[in-house]
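This is my_file-v7.cif. It holds mmCIF, C-alpha atoms.
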```cif
data_target
#
loop_
_atom_site.label_atom_id
_atom_site.label_comp_id
_atom_site.auth_asym_id
_atom_site.auth_seq_id
_atom_site.Cartn_x
_atom_site.Cartn_y
_atom_site.Cartn_z
CA MET D 22 -25.98 39.99 4.31
CA SER D 23 -23.17 42.37 5.09
CA LYS D 24 -21.11 39.42 6.33
CA LEU D 25 -21.57 37.65 3.00
CA ARG D 26 -20.58 40.80 1.17
CA LEU D 27 -17.47 41.07 3.31
CA ILE D 28 -16.50 37.47 2.55
CA ILE D 29 -16.96 38.04 -1.18
CA GLN D 30 -15.11 41.34 -1.06
CA GLU D 31 -12.15 39.78 0.69
CA SER D 32 -11.95 36.50 -1.17
CA TRP D 33 -13.25 37.03 -4.70
CA LEU D 34 -9.73 36.90 -6.09
CA VAL D 35 -9.04 33.51 -4.47
CA MET D 36 -12.31 32.13 -5.83
CA LEU D 37 -11.64 33.50 -9.30
CA ALA D 38 -8.02 32.23 -9.24
CA ALA D 39 -9.19 28.76 -8.17
CA PHE D 40 -11.84 28.71 -10.89
CA VAL D 41 -9.48 29.85 -13.68
CA SER D 42 -6.77 27.50 -12.39
CA GLY D 43 -9.17 24.55 -12.47
CA LEU D 44 -10.29 25.45 -15.99
CA LEU D 45 -6.70 25.76 -17.25
CA MET D 46 -5.62 22.44 -15.71
CA ALA D 47 -8.73 20.65 -16.96
CA ALA D 48 -8.23 22.02 -20.48
CA THR D 49 -4.55 20.97 -20.52
CA ASP D 50 -5.42 17.53 -19.17
CA LEU D 51 -8.17 17.14 -21.74
CA GLY D 52 -5.81 18.10 -24.53
CA LEU D 53 -2.92 15.90 -23.44
CA ALA D 54 -4.56 12.91 -21.69
CA GLY D 55 -4.81 10.89 -24.89
CA ARG D 56 -1.18 11.41 -25.76
CA ILE D 57 0.00 10.63 -22.21
CA GLU D 58 -2.02 7.39 -22.14
CA GLN D 59 -0.67 6.51 -25.59
CA ASN D 60 2.92 7.05 -24.33
CA LYS D 61 2.26 4.79 -21.35
CA GLN D 62 0.77 2.02 -23.47
CA GLN D 63 3.56 2.38 -26.02
CA ARG D 64 6.24 1.97 -23.37
CA LEU D 65 4.45 -0.96 -21.77
CA LYS D 66 4.08 -2.71 -25.13
CA GLU D 67 7.72 -2.10 -26.03
CA LEU D 68 8.83 -3.66 -22.75
CA MET D 69 6.42 -6.58 -23.12
CA ALA D 70 7.57 -7.18 -26.70
CA GLY D 71 11.16 -7.28 -25.47
CA LEU D 72 10.26 -9.91 -22.88
CA LEU D 73 8.09 -12.05 -25.19
CA PRO D 74 9.63 -11.57 -28.66
CA GLN D 75 7.55 -14.40 -30.17
CA ALA D 76 4.33 -12.45 -29.44
CA SER D 77 2.83 -10.31 -32.15
CA SER D 78 -0.02 -8.80 -30.11
CA PHE D 79 -0.87 -8.05 -26.49
CA THR D 80 -4.51 -7.89 -25.41
CA GLU D 81 -5.68 -6.60 -22.05
CA LEU D 82 -7.85 -9.25 -20.35
CA GLU D 83 -11.39 -8.26 -19.52
CA SER D 84 -11.32 -10.38 -16.34
CA ARG D 85 -10.32 -8.35 -13.30
CA PHE D 86 -7.55 -9.48 -10.96
CA SER D 87 -6.49 -8.06 -7.63
CA LEU D 88 -3.80 -8.64 -5.04
CA SER D 89 -3.58 -7.35 -1.51
CA ASP D 90 -0.69 -5.01 -0.68
CA ALA D 91 1.40 -4.88 2.52
CA LYS D 92 -1.40 -3.00 4.33
CA GLY D 93 -4.00 -5.56 3.26
CA ARG D 94 -5.66 -3.25 0.73
CA SER D 95 -6.78 -4.78 -2.54
CA GLN D 96 -4.85 -3.51 -5.58
CA PRO D 97 -6.10 -4.14 -9.12
CA VAL D 98 -3.72 -5.92 -11.52
CA VAL D 99 -4.09 -5.68 -15.30
CA VAL D 100 -3.07 -8.84 -17.16
CA TYR D 101 -2.16 -8.90 -20.86
CA ARG D 102 -2.46 -12.00 -23.04
CA ALA D 103 0.41 -12.33 -25.52
CA ALA D 104 -0.48 -14.05 -28.77
CA ASP D 105 1.55 -15.03 -31.83
CA SER D 106 0.53 -14.39 -35.45
CA GLN D 107 -1.83 -17.42 -35.35
CA ALA D 108 -3.56 -16.03 -32.23
CA ARG D 109 -2.08 -18.80 -30.02
CA CYS D 110 -1.29 -17.76 -26.46
CA VAL D 111 2.49 -17.52 -26.00
CA GLY D 112 2.53 -15.92 -22.56
CA TRP D 113 1.11 -13.43 -20.11
CA ALA D 114 2.37 -10.07 -18.91
CA PHE D 115 1.35 -7.93 -15.94
CA VAL D 116 2.57 -5.12 -13.73
CA ALA D 117 3.81 -6.22 -10.29
CA GLN D 118 4.61 -3.79 -7.49
CA GLY D 119 5.86 -3.69 -3.93
CA GLN D 120 7.95 -1.79 -1.43
CA GLY D 121 11.67 -1.47 -2.17
CA PHE D 122 14.44 0.02 -0.02
CA SER D 123 13.57 3.69 -0.57
CA ASP D 124 10.26 3.67 -2.43
CA ARG D 125 7.82 1.52 -4.37
CA ILE D 126 9.20 -0.65 -7.16
CA GLU D 127 7.04 -1.33 -10.23
CA LEU D 128 7.99 -4.14 -12.59
CA ILE D 129 6.52 -5.42 -15.81
CA VAL D 130 6.67 -9.21 -15.62
CA ALA D 131 6.18 -11.80 -18.35
CA VAL D 132 5.56 -15.53 -17.96
CA ASP D 133 5.06 -18.40 -20.39
CA ALA D 134 1.61 -19.59 -21.57
CA GLY D 135 1.29 -22.18 -18.78
CA PHE D 136 2.35 -19.72 -16.04
CA THR D 137 5.15 -22.13 -15.11
CA ARG D 138 8.28 -20.22 -16.13
CA LEU D 139 9.25 -16.57 -16.01
CA ALA D 140 10.11 -14.94 -19.33
CA GLY D 141 11.70 -12.11 -17.35
CA PHE D 142 10.98 -8.69 -15.95
CA ARG D 143 11.80 -5.06 -16.69
CA VAL D 144 11.70 -2.09 -14.33
CA LEU D 145 8.91 0.47 -14.76
CA THR D 146 9.50 2.55 -11.63
CA CYS D 147 12.45 2.40 -9.29
CA SER D 148 13.94 5.08 -7.03
CA GLU D 149 16.47 2.81 -5.35
CA THR D 150 19.99 3.96 -4.37
CA PRO D 151 22.01 4.88 -7.48
CA GLY D 152 24.97 2.55 -7.93
CA PHE D 153 23.43 -0.12 -5.67
CA GLY D 154 19.68 -0.77 -5.67
CA ASP D 155 19.17 0.65 -9.15
CA LYS D 156 21.32 -2.21 -10.48
CA ILE D 157 18.06 -4.21 -10.71
CA ARG D 158 17.83 -2.48 -14.12
CA GLN D 159 21.04 -4.17 -15.27
CA PRO D 160 20.84 -7.14 -17.67
CA ASP D 161 23.32 -9.08 -15.49
CA PHE D 162 20.74 -9.20 -12.66
CA GLN D 163 17.66 -9.52 -14.88
CA ARG D 164 19.01 -12.45 -16.92
CA GLN D 165 18.79 -14.72 -13.85
CA PHE D 166 15.00 -14.54 -14.07
CA GLU D 167 14.68 -15.35 -17.78
CA GLY D 168 13.50 -18.99 -17.74
CA ALA D 169 13.45 -19.29 -13.94
CA PRO D 170 10.55 -21.18 -12.28
CA GLY D 171 7.34 -19.15 -11.99
CA GLY D 172 7.31 -19.14 -8.19
CA GLY D 173 9.28 -20.17 -5.11
CA LEU D 174 12.24 -17.94 -6.00
CA GLU D 175 14.79 -17.55 -3.23
CA LEU D 176 17.52 -14.99 -2.72
CA VAL D 177 21.10 -16.08 -2.08
CA ARG D 178 24.08 -13.82 -1.36
CA PHE D 179 26.64 -15.69 -3.40
CA GLY D 180 26.34 -17.96 -6.40
CA ASP D 181 26.57 -18.30 -10.14
CA ARG D 182 24.38 -15.75 -11.94
CA SER D 183 24.68 -17.56 -15.26
CA LYS D 184 22.82 -20.57 -13.80
CA VAL D 185 19.06 -20.08 -14.27
CA ASP D 186 17.12 -21.72 -11.43
CA GLN D 187 15.03 -20.61 -8.43
CA GLN D 188 18.13 -19.22 -6.69
CA ILE D 189 18.61 -15.52 -7.40
CA VAL D 190 22.01 -14.04 -6.58
CA ALA D 191 21.58 -10.71 -4.75
CA ILE D 192 23.23 -7.46 -5.82
CA THR D 193 26.16 -6.71 -3.52
CA GLY D 194 25.24 -3.80 -1.25
CA ALA D 195 21.58 -3.96 -2.24
CA THR D 196 20.22 -7.04 -0.49
CA VAL D 197 17.01 -5.25 0.52
CA THR D 198 16.21 -4.21 -3.06
CA SER D 199 17.13 -7.66 -4.45
CA ASN D 200 14.92 -9.28 -1.84
CA ALA D 201 12.10 -6.85 -2.67
CA VAL D 202 12.21 -7.92 -6.34
CA VAL D 203 12.14 -11.62 -5.41
CA GLU D 204 9.26 -11.09 -2.97
CA ILE D 205 7.26 -8.98 -5.42
CA LEU D 206 7.61 -11.69 -8.06
CA ASN D 207 6.81 -14.60 -5.72
CA LYS D 208 3.76 -12.88 -4.26
CA THR D 209 2.35 -11.67 -7.58
CA LEU D 210 2.98 -14.93 -9.43
CA GLU D 211 1.36 -17.01 -6.70
CA GLY D 212 -1.65 -14.70 -6.34
CA LEU D 213 -2.27 -14.34 -10.06
CA ARG D 214 -1.76 -18.03 -10.85
CA SER D 215 -4.52 -19.11 -8.47
CA GLN D 216 -6.92 -16.43 -9.76
CA MET D 217 -6.21 -17.36 -13.39
CA MET D 218 -6.76 -21.04 -12.62
CA GLU D 219 -10.07 -20.18 -10.97
CA LYS D 220 -11.12 -18.30 -14.09
CA GLY D 221 -9.99 -21.21 -16.30
CA LEU D 222 -7.42 -19.15 -18.17
CA ILE D 223 -4.61 -21.60 -17.39
CA GLY D 224 -4.69 -25.34 -16.65
CA ASP D 225 -4.13 -27.07 -13.29
CA ALA D 226 -0.74 -28.28 -14.50
CA GLY D 227 0.31 -24.61 -14.49
CA MET O 30 17.68 58.74 -22.26
CA GLN O 31 14.82 56.97 -20.52
CA ASP O 32 15.30 53.95 -22.81
CA ASN O 33 18.93 53.73 -21.76
CA THR O 34 17.90 53.79 -18.11
CA SER O 35 15.35 51.01 -18.69
CA ASP O 36 17.90 48.96 -20.62
CA ASN O 37 20.36 49.38 -17.78
CA LEU O 38 17.72 48.33 -15.27
CA TYR O 39 16.80 45.20 -17.26
CA THR O 40 20.45 44.24 -17.71
CA LYS O 41 21.00 44.75 -14.00
CA VAL O 42 17.99 42.56 -13.16
CA ILE O 43 19.22 39.77 -15.47
CA LEU O 44 22.77 39.91 -14.07
CA ASN O 45 21.35 39.98 -10.56
CA GLY O 46 19.65 36.62 -11.15
CA LEU O 47 22.60 35.12 -12.97
CA TRP O 48 25.30 36.07 -10.48
CA ARG O 49 24.85 38.58 -7.63
CA GLN O 50 21.67 36.95 -6.28
CA ASN O 51 21.93 33.59 -8.01
CA PRO O 52 19.18 31.62 -6.21
CA ALA O 53 21.06 28.33 -5.88
CA LEU O 54 24.65 29.53 -5.48
CA ARG O 55 24.32 32.83 -3.58
CA LEU O 56 20.92 32.88 -1.86
CA LEU O 57 20.75 29.10 -1.34
CA ILE O 58 17.01 28.87 -1.95
CA GLY O 59 15.14 26.13 -3.81
CA MET O 60 17.90 23.66 -2.98
CA CYS O 61 15.92 20.46 -3.63
CA PRO O 62 16.56 20.25 -7.43
CA PRO O 63 20.28 21.20 -7.21
CA LEU O 64 20.78 18.21 -4.94
CA ALA O 65 18.30 15.76 -6.45
CA VAL O 66 18.30 16.11 -10.23
CA THR O 67 21.92 16.96 -10.98
CA THR O 68 23.07 13.38 -11.65
CA GLY O 69 22.96 14.17 -15.38
CA VAL O 70 23.10 17.27 -17.59
CA ARG O 71 19.92 16.42 -19.53
CA PRO O 72 17.60 16.10 -16.51
CA ALA O 73 19.21 19.22 -15.00
CA LEU O 74 18.54 21.21 -18.19
CA THR O 75 14.94 19.97 -18.33
CA MET O 76 14.41 20.93 -14.69
CA GLY O 77 15.99 24.35 -15.29
CA LEU O 78 13.76 25.04 -18.29
CA SER O 79 10.70 23.88 -16.33
CA VAL O 80 11.57 26.31 -13.52
CA ILE O 81 12.03 29.16 -16.05
CA PHE O 82 8.60 28.36 -17.57
CA VAL O 83 6.81 28.22 -14.20
CA LEU O 84 8.61 31.28 -12.81
CA SER O 85 7.95 33.39 -15.93
CA CYS O 86 4.25 32.45 -16.07
CA SER O 87 3.68 32.94 -12.34
CA ASN O 88 5.53 36.29 -12.29
CA LEU O 89 3.52 37.42 -15.32
CA VAL O 90 0.16 36.52 -13.73
CA VAL O 91 1.05 37.87 -10.27
CA SER O 92 2.23 41.13 -11.80
CA LEU O 93 -0.98 41.46 -13.83
CA ILE O 94 -3.23 40.92 -10.80
CA ARG O 95 -1.12 42.94 -8.36
CA PRO O 96 -3.61 45.87 -8.08
CA PHE O 97 -6.23 43.41 -6.74
CA LEU O 98 -3.98 41.50 -4.32
CA ARG O 99 -4.93 41.84 -0.67
CA PRO O 100 -2.21 41.15 1.88
CA HIS O 101 -4.03 38.33 3.69
CA VAL O 102 -4.92 36.33 0.55
CA ARG O 103 -1.77 36.92 -1.47
CA ILE O 104 0.05 33.71 -0.45
CA ILE O 105 -2.88 31.47 -1.36
CA VAL O 106 -3.26 33.26 -4.72
CA PHE O 107 0.48 32.80 -5.40
CA THR O 108 0.23 29.11 -4.50
CA ILE O 109 -2.80 28.53 -6.76
CA THR O 110 -1.01 30.31 -9.64
CA ILE O 111 2.23 28.36 -9.18
CA ALA O 112 0.45 25.00 -8.78
CA THR O 113 -1.47 25.60 -12.01
CA PHE O 114 1.64 26.22 -14.10
CA VAL O 115 3.57 23.37 -12.47
CA THR O 116 0.71 20.96 -13.26
CA ILE O 117 0.64 22.20 -16.88
CA CYS O 118 4.43 21.81 -17.12
CA ASP O 119 4.24 18.28 -15.65
CA LEU O 120 1.53 17.26 -18.13
CA LEU O 121 3.51 18.74 -21.06
CA LEU O 122 6.61 16.76 -20.03
CA LYS O 123 4.56 13.56 -19.67
CA ALA O 124 3.08 14.09 -23.12
CA TYR O 125 6.11 15.24 -25.12
CA LEU O 126 9.17 14.07 -23.12
CA PRO O 127 7.90 10.93 -21.35
CA ALA O 128 11.35 9.43 -20.76
CA MET O 129 12.62 12.65 -19.16
CA SER O 130 9.44 12.99 -17.11
CA GLU O 131 10.13 9.54 -15.71
CA VAL O 132 13.75 10.42 -14.87
CA LEU O 133 12.66 13.59 -13.03
CA GLY O 134 9.88 11.70 -11.24
CA PRO O 135 8.32 13.65 -8.36
CA TYR O 136 10.75 16.57 -8.66
CA VAL O 137 8.65 18.36 -11.31
CA PRO O 138 5.47 18.44 -9.16
CA LEU O 139 7.74 19.51 -6.28
CA ILE O 140 8.46 22.81 -8.10
CA ILE O 141 5.17 23.91 -6.46
CA VAL O 142 6.97 24.11 -3.13
CA ASN O 143 10.22 25.51 -4.56
CA CYS O 144 10.64 28.68 -2.52
CA LEU O 145 12.39 30.47 -5.40
CA ILE O 146 9.08 30.81 -7.26
CA ILE O 147 7.04 32.14 -4.34
CA PHE O 148 9.98 34.34 -3.28
CA ARG O 149 10.02 36.10 -6.65
CA ALA O 150 6.21 36.42 -6.65
CA GLU O 151 6.38 38.10 -3.25
CA ALA O 152 9.58 40.13 -3.63
CA CYS O 153 9.28 41.23 -7.25
CA ALA O 154 6.15 40.39 -9.26
CA SER O 155 3.63 41.61 -6.67
CA LYS O 156 5.35 45.01 -6.62
CA SER O 157 6.68 45.46 -10.18
CA PRO O 158 5.35 46.06 -13.69
CA VAL O 159 4.80 43.10 -16.03
CA LEU O 160 7.92 43.44 -18.20
CA LEU O 161 10.25 43.86 -15.26
CA SER O 162 8.65 40.84 -13.51
CA VAL O 163 9.13 38.62 -16.57
CA ILE O 164 12.74 39.78 -17.02
CA ASP O 165 13.36 39.09 -13.35
CA ALA O 166 11.93 35.56 -13.86
CA LEU O 167 14.23 35.00 -16.83
CA GLY O 168 17.27 36.20 -14.86
CA MET O 169 16.48 34.20 -11.72
CA GLY O 170 15.39 31.11 -13.68
CA GLY O 171 18.47 31.44 -15.89
CA GLY O 172 20.74 31.70 -12.85
CA PHE O 173 19.08 28.65 -11.31
CA THR O 174 19.50 26.69 -14.57
CA VAL O 175 23.17 27.66 -14.88
CA ALA O 176 23.75 26.47 -11.30
CA LEU O 177 22.03 23.15 -12.05
CA LEU O 178 24.10 22.73 -15.22
CA ILE O 179 27.42 23.42 -13.46
CA LEU O 180 26.61 20.90 -10.71
CA ALA O 181 25.29 18.31 -13.16
CA SER O 182 28.32 18.68 -15.47
CA ILE O 183 30.77 18.03 -12.62
CA ARG O 184 28.76 15.12 -11.23
CA GLU O 185 27.98 13.41 -14.54
CA VAL O 186 31.54 13.65 -15.86
CA LEU O 187 33.05 12.27 -12.65
CA ALA O 188 30.35 9.62 -12.10
CA THR O 189 30.13 8.26 -15.65
CA GLY O 190 32.92 9.82 -17.74
CA CYS O 191 30.24 11.34 -20.01
CA TRP O 192 28.76 14.82 -20.48
CA ALA O 193 25.09 14.83 -21.54
CA GLY O 194 25.59 11.22 -22.62
CA TRP O 195 28.71 11.86 -24.72
CA GLN O 196 31.95 10.18 -23.61
CA VAL O 197 34.44 12.90 -22.63
CA MET O 198 36.85 11.08 -20.32
CA PRO O 199 39.46 8.57 -21.53
CA LYS O 200 38.45 4.89 -21.47
CA ALA O 201 40.87 4.25 -18.61
CA PHE O 202 38.95 6.65 -16.34
CA VAL O 203 37.48 4.91 -13.30
CA PRO O 204 33.98 6.35 -12.58
CA TRP O 205 33.42 7.84 -9.14
CA LEU O 206 30.11 6.21 -8.28
CA ALA O 207 29.78 8.32 -5.13
CA MET O 208 29.21 11.38 -7.33
CA GLN O 209 25.91 9.87 -8.47
CA MET O 210 24.73 9.46 -4.89
CA PRO O 211 23.44 12.21 -2.54
CA VAL O 212 26.89 12.50 -0.98
CA GLY O 213 28.26 13.54 -4.39
CA ALA O 214 25.65 16.30 -4.62
CA PHE O 215 26.46 17.69 -1.16
CA VAL O 216 30.26 17.53 -1.65
CA THR O 217 30.13 19.16 -5.11
CA LEU O 218 27.73 21.87 -3.94
CA GLY O 219 29.83 22.55 -0.83
CA LEU O 220 33.07 22.88 -2.83
CA LEU O 221 31.35 25.06 -5.43
CA LEU O 222 29.90 27.36 -2.75
CA GLY O 223 33.33 27.61 -1.11
CA LEU O 224 34.92 28.52 -4.45
CA ILE O 225 32.25 31.16 -5.16
CA ALA O 226 32.63 32.63 -1.67
CA MET O 227 36.40 32.79 -2.23
CA VAL O 228 36.06 34.50 -5.63
CA SER O 229 33.41 36.99 -4.48
CA GLY O 230 35.29 37.59 -1.21
CA SER O 231 38.51 38.51 -2.98
CA LYS O 232 36.52 40.71 -5.41
CA GLU O 233 34.89 42.58 -2.54
CA ALA O 234 38.26 42.97 -0.82
CA ARG O 235 39.75 44.44 -4.01
CA HIS O 236 36.92 46.93 -4.35
CA GLY O 237 37.14 47.82 -0.67
#
```

Entire entry expressed as structure tokens:
Amino acid sequence: MSKLRLIIQESWLVMLAAFVSGLLMAATDLGLAGRIEQNKQQRLKELMAGLLPQASSFTELESRFSLSDAKGRSQPVVVYRAADSQARCVGWAFVAQGQGFSDRIELIVAVDAGFTRLAGFRVLTCSETPGFGDKIRQPDFQRQFEGAPGGGLELVRFGDRSKVDQQIVAITGATVTSNAVVEILNKTLEGLRSQMMEKGLIGDAG
Amino acid sequence: MQDNTSDNLYTKVILNGLWRQNPALRLLIGMCPPLAVTTGVRPALTMGLSVIFVLSCSNLVVSLIRPFLRPHVRIIVFTITIATFVTICDLLLKAYLPAMSEVLGPYVPLIIVNCLIIFRAEACASKSPVLLSVIDALGMGGGFTVALLILASIREVLATGCWAGWQVMPKAFVPWLAMQMPVGAFVTLGLLLGLIAMVSGSKEARHG
């Protein structure tokens, strides 16, 4: 009994601080969670609308998709269906991620309705080297993917960036980051295409 | 008479944080943000204001609870207090300045381990009255923010030709990309510290 009293005497302030701290953080989170989620969705939709301008709405698919990461763990992937004003499917968008040169890279990727051609990608998260790896944000690099085949992309060191095909010209001084983008896209496109075909969301021709 | 003395003390505490014991430029503590988020003036200002918010709140709370602090639990109480305000600050940025929160990335949550905050809790707030602790936080946080702004101004202007996004260098100016990279942060900080040491050294020599 006296031991318990000693523990309480010595640590009541820590317990009280932890309790008040938890309450404060929970209250702030409760108050701001809606707005934070709204900001995230807003940004995602803005980026998706930029990639698929013909779409007038984006709906999150109820079907669940997952891809395995480098360590073999299964990671969930949310897929959005892009529809025009007549509710016809004009494409799909999803978040793809993988390891870059310095940290994880997160991309929002859009493809056409048949999952055959890329509509493009935009960067959600990237902490690559400023002046080199972070050039994956530049339109000059991103334009190569707009209309490129939806799989089998390969990285080349030199070439013509204005030519849109499966060959992606790397950023000088950032081969690892350029390769990471190509690998993320190839892996995600391949994995998602087969799962979407299984679920009957796209045809075999895709 | 007493008011004058208090005013003098508060002014001294503010000036102490801004110059004589400037955390980033004189004491060299909490050096992660000065190196990591000074690529632009806007992120530097946001980081500086976040540090002022966390430091003021943590100093206020630590000063209020100082009669109950026991030596062996004080560090954990400081850490809980700091982590709470950093989390609140991070959530506020995510909610109201999402673009800036993304630019600052993990550096806002990292304020938890910024030794400036725990240093002031230990050296000042746990031993001083509430008002003095808050003024100390404003002085130290202000000094830290000024240091971030000086570094960010030099780096952004030389790396992009802009200051806070506004073009200030002539069109013909060739950007120094290296200033945007970690090497730019170390070189600028080193030169700035050398300059400050030179200025303060000559001052001390003059005053004997």

Which residues come within 9 Å of range 62-74 of chain D, counting all atoms listed in the file, excluding same-chain residues fewer than 5 positions away, as an MDAnalysis selection string?
chainID D and resid 57 79 103 111:115 129:133 140:143 145 167

Output for the residues just chosen: C-alpha atoms as a PDB file, keeping the file's coordinate frame:
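Wrote selection-v8.pdb, looks like this:
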```pdb
ATOM      1  CA  ILE D  57       0.000  10.630 -22.210  1.00  0.00           C
ATOM      2  CA  PHE D  79      -0.870  -8.050 -26.490  1.00  0.00           C
ATOM      3  CA  ALA D 103       0.410 -12.330 -25.520  1.00  0.00           C
ATOM      4  CA  VAL D 111       2.490 -17.520 -26.000  1.00  0.00           C
ATOM      5  CA  GLY D 112       2.530 -15.920 -22.560  1.00  0.00           C
ATOM      6  CA  TRP D 113       1.110 -13.430 -20.110  1.00  0.00           C
ATOM      7  CA  ALA D 114       2.370 -10.070 -18.910  1.00  0.00           C
ATOM      8  CA  PHE D 115       1.350  -7.930 -15.940  1.00  0.00           C
ATOM      9  CA  ILE D 129       6.520  -5.420 -15.810  1.00  0.00           C
ATOM     10  CA  VAL D 130       6.670  -9.210 -15.620  1.00  0.00           C
ATOM     11  CA  ALA D 131       6.180 -11.800 -18.350  1.00  0.00           C
ATOM     12  CA  VAL D 132       5.560 -15.530 -17.960  1.00  0.00           C
ATOM     13  CA  ASP D 133       5.060 -18.400 -20.390  1.00  0.00           C
ATOM     14  CA  ALA D 140      10.110 -14.940 -19.330  1.00  0.00           C
ATOM     15  CA  GLY D 141      11.700 -12.110 -17.350  1.00  0.00           C
ATOM     16  CA  PHE D 142      10.980  -8.690 -15.950  1.00  0.00           C
ATOM     17  CA  ARG D 143      11.800  -5.060 -16.690  1.00  0.00           C
ATOM     18  CA  LEU D 145       8.910   0.470 -14.760  1.00  0.00           C
ATOM     19  CA  GLU D 167      14.680 -15.350 -17.780  1.00  0.00           C
TER      20      GLU D 167
END
```

Might you spell out which residues the PyMOL selection byres ((chain O and resi 112) around 9) would select in the displayed file, as a ChimeraX atom specification?
/D:42 /O:83,107-111,113-117,138,140-142

Leaving out Ala207 in chain O and any residue of its chain fewer than 6 positions from it, which residues lie within 10 Å of it when counting all atoms listed in the file, given as a ChimeraX atom specification?
/D:151-152 /O:184,187-188,213-214,216

Write to file, as a CSV table (one decimal), in the frame of the given file, the residues of the selection just made, with C-alpha atoms.
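To be explicit, this is the file written out as part-v8.csv:
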```
chain,number,residue,atom,x,y,z
D,151,PRO,CA,22.0,4.9,-7.5
D,152,GLY,CA,25.0,2.6,-7.9
O,184,ARG,CA,28.8,15.1,-11.2
O,187,LEU,CA,33.0,12.3,-12.6
O,188,ALA,CA,30.4,9.6,-12.1
O,213,GLY,CA,28.3,13.5,-4.4
O,214,ALA,CA,25.6,16.3,-4.6
O,216,VAL,CA,30.3,17.5,-1.6
```

Check every residue of chain O for an atom within 12 Å of chain D, counting all atoms listed in the file, and provide those that qualify as a VMD selection string.
chain O and resid 65 68 87 90 to 91 94 to 128 130 to 135 188 to 189 204 to 213

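Between CA of Arg109 in chain D and CA of Ser84 in chain D the separation is 18.5 Å.
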
Run the PyMOL selection byres ((chain D and resi 202-208) around 7) on the file and write out the hits as a list in words.
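Applied to this file, the PyMOL selection byres ((chain D and resi 202-208) around 7) returns Ala117, Gln118, Gly119, Gly172, Gly173, Leu174, Glu175, Leu176, Thr198, Ser199, Asn200, Ala201, Thr209, Leu210, Glu211 and Gly212 of chain D.
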
All file atoms of range 43-61 of chain O boxed axis-aligned, 6 Å per side, centre plus edges, as lines of an AutoDock Vina configuration file:
```
center_x = 20.2
center_y = 30.2
center_z = -8.4
size_x = 22.2
size_y = 31.5
size_z = 26.1
```

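Rounded to one decimal, CA of Glu149 in chain D and CA of Arg178 in chain D lie 18.7 Å from each other.
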